[in-house]
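Asker: What follows is work.pdb, PDB, C-alpha atoms (C1' of nucleotides).
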```pdb
ATOM      1  CA  MET A   2      16.834   7.192   8.470  1.00  0.00           C
ATOM      2  CA  ARG A   3      15.413   9.751  10.620  1.00  0.00           C
ATOM      3  CA  MET A   4      15.079   8.847  14.238  1.00  0.00           C
ATOM      4  CA  LYS A   5      12.015  10.864  14.657  1.00  0.00           C
ATOM      5  CA  LYS A   6      10.309  10.553  17.948  1.00  0.00           C
ATOM      6  CA  THR A   7       6.711   9.925  17.244  1.00  0.00           C
ATOM      7  CA  LYS A   8       4.159   9.869  19.933  1.00  0.00           C
ATOM      8  CA  SER A   9       3.826   6.159  19.415  1.00  0.00           C
ATOM      9  CA  PRO A  10       6.755   4.479  21.085  1.00  0.00           C
ATOM     10  CA  ASP A  11       7.420   1.233  19.302  1.00  0.00           C
ATOM     11  CA  SER A  12       9.054  -1.733  20.862  1.00  0.00           C
ATOM     12  CA  GLY A  13      12.431  -0.764  19.622  1.00  0.00           C
ATOM     13  CA  ALA A  14      11.762  -1.272  15.949  1.00  0.00           C
ATOM     14  CA  THR A  15      10.613   1.532  13.727  1.00  0.00           C
ATOM     15  CA  LEU A  16       7.473   1.396  11.726  1.00  0.00           C
ATOM     16  CA  TYR A  17       9.248   0.871   8.444  1.00  0.00           C
ATOM     17  CA  SER A  18      11.397  -1.877   9.893  1.00  0.00           C
ATOM     18  CA  ARG A  19       8.324  -3.754  10.934  1.00  0.00           C
ATOM     19  CA  ILE A  20       6.856  -3.394   7.492  1.00  0.00           C
ATOM     20  CA  TYR A  21       9.970  -4.736   5.850  1.00  0.00           C
ATOM     21  CA  ALA A  22      10.094  -7.583   8.323  1.00  0.00           C
ATOM     22  CA  ALA A  23       6.518  -8.521   7.569  1.00  0.00           C
ATOM     23  CA  VAL A  24       7.129  -8.512   3.841  1.00  0.00           C
ATOM     24  CA  ARG A  25      10.118 -10.738   4.330  1.00  0.00           C
ATOM     25  CA  LYS A  26       7.868 -13.209   6.065  1.00  0.00           C
ATOM     26  CA  ILE A  27       5.811 -13.687   2.964  1.00  0.00           C
ATOM     27  CA  PRO A  28       6.454 -17.231   1.763  1.00  0.00           C
ATOM     28  CA  LYS A  29       7.554 -17.832  -1.761  1.00  0.00           C
ATOM     29  CA  GLY A  30       4.771 -18.240  -4.228  1.00  0.00           C
ATOM     30  CA  ARG A  31       2.437 -16.166  -2.107  1.00  0.00           C
ATOM     31  CA  VAL A  32       1.341 -12.560  -2.139  1.00  0.00           C
ATOM     32  CA  SER A  33       0.012 -10.188   0.467  1.00  0.00           C
ATOM     33  CA  THR A  34      -1.800  -6.896   0.460  1.00  0.00           C
ATOM     34  CA  TYR A  35      -0.848  -3.536   1.915  1.00  0.00           C
ATOM     35  CA  GLY A  36      -3.756  -3.530   4.279  1.00  0.00           C
ATOM     36  CA  ARG A  37      -2.923  -6.981   5.528  1.00  0.00           C
ATOM     37  CA  ILE A  38       0.626  -6.039   6.333  1.00  0.00           C
ATOM     38  CA  ALA A  39      -0.534  -2.749   7.761  1.00  0.00           C
ATOM     39  CA  ARG A  40      -2.550  -4.640  10.313  1.00  0.00           C
ATOM     40  CA  LEU A  41       0.186  -7.118  11.008  1.00  0.00           C
ATOM     41  CA  VAL A  42       2.603  -4.375  11.877  1.00  0.00           C
ATOM     42  CA  LYS A  43      -0.114  -2.259  13.431  1.00  0.00           C
ATOM     43  CA  ALA A  44       0.512   0.475  10.948  1.00  0.00           C
ATOM     44  CA  PRO A  45      -1.747   3.512  11.330  1.00  0.00           C
ATOM     45  CA  GLY A  46      -2.766   3.238   7.720  1.00  0.00           C
ATOM     46  CA  PRO A  47      -2.160   1.115   4.652  1.00  0.00           C
ATOM     47  CA  ARG A  48      -0.684   4.096   2.886  1.00  0.00           C
ATOM     48  CA  VAL A  49       2.315   4.035   5.112  1.00  0.00           C
ATOM     49  CA  VAL A  50       3.019   0.496   3.965  1.00  0.00           C
ATOM     50  CA  GLY A  51       2.906   1.503   0.349  1.00  0.00           C
ATOM     51  CA  TYR A  52       5.074   4.462   1.065  1.00  0.00           C
ATOM     52  CA  ALA A  53       7.621   2.257   2.733  1.00  0.00           C
ATOM     53  CA  MET A  54       7.733   0.100  -0.374  1.00  0.00           C
ATOM     54  CA  ALA A  55       8.247   3.110  -2.575  1.00  0.00           C
ATOM     55  CA  ALA A  56      11.185   4.112  -0.447  1.00  0.00           C
ATOM     56  CA  LEU A  57      12.772   0.703  -0.873  1.00  0.00           C
ATOM     57  CA  PRO A  58      15.894   0.689  -3.006  1.00  0.00           C
ATOM     58  CA  GLU A  59      16.530  -1.918  -5.633  1.00  0.00           C
ATOM     59  CA  GLY A  60      18.379  -4.902  -4.365  1.00  0.00           C
ATOM     60  CA  SER A  61      16.788  -4.683  -0.975  1.00  0.00           C
ATOM     61  CA  SER A  62      16.219  -7.914   0.883  1.00  0.00           C
ATOM     62  CA  VAL A  63      12.550  -7.162   0.908  1.00  0.00           C
ATOM     63  CA  PRO A  64      10.431  -8.993  -1.670  1.00  0.00           C
ATOM     64  CA  TRP A  65       8.210  -5.990  -2.117  1.00  0.00           C
ATOM     65  CA  GLN A  66       7.072  -7.552  -5.342  1.00  0.00           C
ATOM     66  CA  ARG A  67       4.924  -9.910  -3.343  1.00  0.00           C
ATOM     67  CA  VAL A  68       2.944  -7.014  -2.010  1.00  0.00           C
ATOM     68  CA  VAL A  69      -0.130  -6.138  -4.022  1.00  0.00           C
ATOM     69  CA  ASN A  70      -3.195  -4.064  -3.403  1.00  0.00           C
ATOM     70  CA  HIS A  71      -6.534  -5.362  -2.193  1.00  0.00           C
ATOM     71  CA  LYS A  72      -7.661  -5.776  -5.778  1.00  0.00           C
ATOM     72  CA  GLY A  73      -5.073  -8.466  -6.234  1.00  0.00           C
ATOM     73  CA  GLU A  74      -3.096  -6.586  -8.811  1.00  0.00           C
ATOM     74  CA  ILE A  75       0.297  -4.979  -8.787  1.00  0.00           C
ATOM     75  CA  SER A  76       0.267  -1.378  -7.777  1.00  0.00           C
ATOM     76  CA  LEU A  77       2.967   1.071  -8.466  1.00  0.00           C
ATOM     77  CA  ARG A  78       3.308   4.618  -9.428  1.00  0.00           C
ATOM     78  CA  LYS A  79       1.975   5.687 -12.763  1.00  0.00           C
ATOM     79  CA  GLY A  80       1.474   2.174 -14.074  1.00  0.00           C
ATOM     80  CA  GLY A  81       4.788   2.295 -15.813  1.00  0.00           C
ATOM     81  CA  SER A  82       6.760  -0.628 -17.115  1.00  0.00           C
ATOM     82  CA  GLY A  83       7.590  -1.657 -13.581  1.00  0.00           C
ATOM     83  CA  GLU A  84       4.386  -3.557 -13.453  1.00  0.00           C
ATOM     84  CA  ILE A  85       5.605  -5.914 -16.103  1.00  0.00           C
ATOM     85  CA  ARG A  86       8.816  -6.480 -14.256  1.00  0.00           C
ATOM     86  CA  GLN A  87       6.948  -7.339 -11.079  1.00  0.00           C
ATOM     87  CA  ARG A  88       4.641  -9.687 -12.791  1.00  0.00           C
ATOM     88  CA  ARG A  89       7.516 -11.545 -14.327  1.00  0.00           C
ATOM     89  CA  LEU A  90       9.138 -12.014 -10.934  1.00  0.00           C
ATOM     90  CA  LEU A  91       5.973 -13.262  -9.344  1.00  0.00           C
ATOM     91  CA  GLU A  92       5.338 -15.728 -12.127  1.00  0.00           C
ATOM     92  CA  ALA A  93       8.842 -17.023 -11.581  1.00  0.00           C
ATOM     93  CA  GLU A  94       7.878 -17.768  -8.009  1.00  0.00           C
ATOM     94  CA  GLY A  95       4.863 -19.718  -9.047  1.00  0.00           C
ATOM     95  CA  VAL A  96       2.204 -17.068  -8.716  1.00  0.00           C
ATOM     96  CA  GLU A  97      -0.410 -17.254 -11.404  1.00  0.00           C
ATOM     97  CA  PHE A  98      -1.973 -14.155 -12.859  1.00  0.00           C
ATOM     98  CA  LYS A  99      -5.500 -13.856 -14.049  1.00  0.00           C
ATOM     99  CA  LEU A 100      -6.606 -11.595 -16.814  1.00  0.00           C
ATOM    100  CA  ARG A 101      -5.712  -7.932 -16.490  1.00  0.00           C
ATOM    101  CA  GLY A 102      -2.783  -8.945 -14.336  1.00  0.00           C
ATOM    102  CA  ARG A 103      -4.819  -9.809 -11.341  1.00  0.00           C
ATOM    103  CA  ILE A 104      -3.960 -12.484  -8.799  1.00  0.00           C
ATOM    104  CA  ASN A 105      -6.392 -14.722  -7.029  1.00  0.00           C
ATOM    105  CA  LEU A 106      -5.884 -13.714  -3.443  1.00  0.00           C
ATOM    106  CA  LYS A 107      -8.159 -16.551  -2.506  1.00  0.00           C
ATOM    107  CA  ILE A 108      -5.311 -18.878  -3.358  1.00  0.00           C
ATOM    108  CA  TYR A 109      -2.115 -16.904  -3.204  1.00  0.00           C
ATOM    109  CA  GLY A 110      -3.244 -14.550  -0.482  1.00  0.00           C
ATOM    110  CA  TRP A 111      -1.156 -14.506   2.668  1.00  0.00           C
ATOM    111  CA  PRO A 112      -1.452 -15.106   5.490  1.00  0.00           C
ATOM    112  CA  ASP A 113      -3.714 -17.994   4.884  1.00  0.00           C
ATOM    113  CA  PRO A 114      -6.966 -17.882   6.728  1.00  0.00           C
TER     114      PRO A 114
ATOM    115  C1'  DC B  26       6.114  26.765   8.895  1.00  0.00           C
ATOM    116  C1'  DT B  27       1.830  25.051   5.227  1.00  0.00           C
ATOM    117  C1'  DT B  28      -0.045  22.491   1.398  1.00  0.00           C
ATOM    118  C1'  DT B  29      -0.301  18.693  -1.793  1.00  0.00           C
ATOM    119  C1'  DT B  30       0.207  14.157  -3.179  1.00  0.00           C
ATOM    120  C1'  DG B  31       0.637   9.332  -2.618  1.00  0.00           C
ATOM    121  C1'  DA B  32       3.013   1.333  -4.440  1.00  0.00           C
ATOM    122  C1'  DC B  33      -4.173   1.939  -0.007  1.00  0.00           C
ATOM    123  C1'  DG B  34      -8.471   0.017   2.382  1.00  0.00           C
ATOM    124  C1'  DC B  35     -13.083  -0.126   3.091  1.00  0.00           C
ATOM    125  C1'  DG B  36     -18.006   1.247   3.582  1.00  0.00           C
ATOM    126  C1'  DT B  37     -21.908   2.629   1.060  1.00  0.00           C
ATOM    127  C1'  DA B  38     -24.736   3.601  -3.209  1.00  0.00           C
TER     128       DA B  38
ATOM    129  C1'  DC C  13     -18.629  -5.027 -11.481  1.00  0.00           C
ATOM    130  C1'  DT C  14     -18.020   0.611 -11.024  1.00  0.00           C
ATOM    131  C1'  DA C  15     -18.206   5.135  -8.554  1.00  0.00           C
ATOM    132  C1'  DC C  16     -17.708   8.321  -4.552  1.00  0.00           C
ATOM    133  C1'  DG C  17     -16.016   9.631  -0.171  1.00  0.00           C
ATOM    134  C1'  DC C  18     -13.587   9.220   4.193  1.00  0.00           C
ATOM    135  C1'  DG C  19      -9.746   7.933   7.070  1.00  0.00           C
ATOM    136  C1'  DC C  20      -4.766   7.353   8.147  1.00  0.00           C
ATOM    137  C1'  DC C  21       0.144   9.035   8.045  1.00  0.00           C
ATOM    138  C1'  DA C  22       4.707  10.443   5.811  1.00  0.00           C
ATOM    139  C1'  DA C  23       7.701  12.762   2.567  1.00  0.00           C
ATOM    140  C1'  DA C  24       8.389  16.250  -0.751  1.00  0.00           C
ATOM    141  C1'  DA C  25       7.744  20.959  -2.511  1.00  0.00           C
TER     142       DA C  25
END
```
What is this structure when it is put down as structure tokens?
Answerer:
Amino acid sequence: MRMKKTKSPDSGATLYSRIYAAVRKIPKGRVSTYGRIARLVKAPGPRVVGYAMAALPEGSSVPWQRVVNHKGEISLRKGGSGEIRQRRLLEAEGVEFKLRGRINLKIYGWPDP
DNA sequence: CTTTTGACGCGTA
DNA sequence: CTACGCGCCAAAA
């Protein structure tokens, strides 16, 4: 990790750390969106959240799978087979998928109201 | 050092 | 519902 000194001094935690922490807070059987987390951690942009997820290694303690885009569907690079893997994990948690692999954020969206 | 791309969100048409 | 554009920042080339 690069300890780069950005002009935004955080309260000790780095931006990525906050993102990971927020994702960890997502309850089981729920999903959140990049923008939602971006605001929770005060990220400058939702892209940074997605980028942080992409940088996550497998086996990380971060349930990045619970993070979906504002459309309610799984987003990952190139729409490869990873999408299927994610979906399977979410279904195992109790998340129900609509057609086209979309999730009803109205129900599974987090945080609630 | 510069340029391009990217697990995005949202307003507006 | 789709389509287009803008904004935001970081990492890779």
Asker: Write out as JSON, numbers by chain every residue belonging to chain A that has an atom at most 7 Å from any atom of chain B, counting all atoms listed in the file.
Answerer: {"A": [35, 36, 47, 48, 51, 52, 54, 55, 70, 76, 77, 78]}
Asker: Using all atoms listed in the file, which residues of chain A come within 12 Å of chain C, and what is the closest atom pair for each, with the distance in Å to one decimal? Give it as a Markdown table, sorted by chain and residue number.
Answerer:
```
| residue | atom | partner | partner_atom | distance |
| --- | --- | --- | --- | --- |
| A:Arg3 | CA | C:DA23 | C1' | 11.5 |
| A:Lys5 | CA | C:DA22 | C1' | 11.5 |
| A:Thr7 | CA | C:DC21 | C1' | 11.3 |
| A:Leu16 | CA | C:DA22 | C1' | 11.2 |
| A:Tyr17 | CA | C:DA22 | C1' | 10.9 |
| A:Gly36 | CA | C:DC20 | C1' | 11.6 |
| A:Ala39 | CA | C:DC20 | C1' | 11.0 |
| A:Lys43 | CA | C:DC20 | C1' | 11.9 |
| A:Ala44 | CA | C:DC21 | C1' | 9.0 |
| A:Pro45 | CA | C:DC20 | C1' | 5.8 |
| A:Gly46 | CA | C:DC20 | C1' | 4.6 |
| A:Pro47 | CA | C:DC20 | C1' | 7.6 |
| A:Arg48 | CA | C:DC21 | C1' | 7.2 |
| A:Val49 | CA | C:DC21 | C1' | 6.2 |
| A:Val50 | CA | C:DC21 | C1' | 9.9 |
| A:Gly51 | CA | C:DA22 | C1' | 10.6 |
| A:Tyr52 | CA | C:DA22 | C1' | 7.6 |
| A:Ala53 | CA | C:DA22 | C1' | 9.2 |
| A:Ala55 | CA | C:DA23 | C1' | 10.9 |
| A:Ala56 | CA | C:DA23 | C1' | 9.8 |
```
Asker: What does the structure give for the distance between atom CA of Arg31 of chain A and atom CA of Val96 of chain A, in Å to one decimal?
Answerer: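 Atom CA of Val96 of chain A lies 6.7 Å from atom CA of Arg31 of chain A.
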Asker: Could you please determine the separation between atom CA of Gly30 of chain A and atom CA of Glu94 of chain A in Å, to one decimal place?
Answerer: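 According to the coordinates, atom CA of Gly30 of chain A and atom CA of Glu94 of chain A are separated by 4.9 Å.
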Asker: Atom CA of Val24 of chain A and atom CA of Ile85 of chain A are how many Å apart?
Answerer: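 Distance between the two atoms: 20.2 Å.
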Asker: Quick one: axis-aligned box around all listed atoms of chain C, 6 Å on every side, centre and edge lengths in Å to one decimal, written as lines of an AutoDock Vina configuration file.
Answerer:
```
center_x = -5.1
center_y = 8.0
center_z = -1.7
size_x = 39.0
size_y = 38.0
size_z = 31.6
```
Asker: Can you list what the PyMOL selection byres ((chain A and resi 72) around 9) grabs from this structure, as an MDAnalysis selection string?
Answerer: chainID A and resid 34 69:71 73:75 103:104 106
Asker: N, CA and C atoms for segment 27-40 of chain A, written as a compact mmCIF listing (two decimals), in the coordinates of the input, could you do that?
Answerer:
```txt
# COMPACT_ATOMS: atom_id res chain seq x y z
N ILE A 27 6.68 -13.12 3.99
CA ILE A 27 5.81 -13.69 2.96
C ILE A 27 6.50 -14.87 2.30
N PRO A 28 5.87 -16.03 2.36
CA PRO A 28 6.45 -17.23 1.76
C PRO A 28 6.55 -17.10 0.25
N LYS A 29 7.39 -17.87 -0.31
CA LYS A 29 7.55 -17.83 -1.76
C LYS A 29 6.32 -18.39 -2.44
N GLY A 30 5.96 -17.80 -3.52
CA GLY A 30 4.77 -18.24 -4.23
C GLY A 30 3.50 -17.71 -3.61
N ARG A 31 3.62 -16.75 -2.74
CA ARG A 31 2.44 -16.17 -2.11
C ARG A 31 2.49 -14.65 -2.24
N VAL A 32 1.38 -14.02 -2.07
CA VAL A 32 1.34 -12.56 -2.14
C VAL A 32 0.51 -12.01 -0.99
N SER A 33 0.77 -10.82 -0.61
CA SER A 33 0.01 -10.19 0.47
C SER A 33 -0.45 -8.80 0.04
N THR A 34 -1.29 -8.22 0.81
CA THR A 34 -1.80 -6.90 0.46
C THR A 34 -1.27 -5.85 1.45
N TYR A 35 -1.33 -4.64 1.07
CA TYR A 35 -0.85 -3.54 1.92
C TYR A 35 -1.64 -3.48 3.22
N GLY A 36 -2.92 -3.61 3.08
CA GLY A 36 -3.76 -3.53 4.28
C GLY A 36 -3.45 -4.66 5.24
N ARG A 37 -3.19 -5.82 4.69
CA ARG A 37 -2.92 -6.98 5.53
C ARG A 37 -1.65 -6.73 6.33
N ILE A 38 -0.64 -6.31 5.65
CA ILE A 38 0.63 -6.04 6.33
C ILE A 38 0.46 -4.88 7.31
N ALA A 39 -0.32 -3.92 6.89
CA ALA A 39 -0.53 -2.75 7.76
C ALA A 39 -1.10 -3.20 9.10
N ARG A 40 -1.97 -4.16 9.06
CA ARG A 40 -2.55 -4.64 10.31
C ARG A 40 -1.57 -5.51 11.06
```
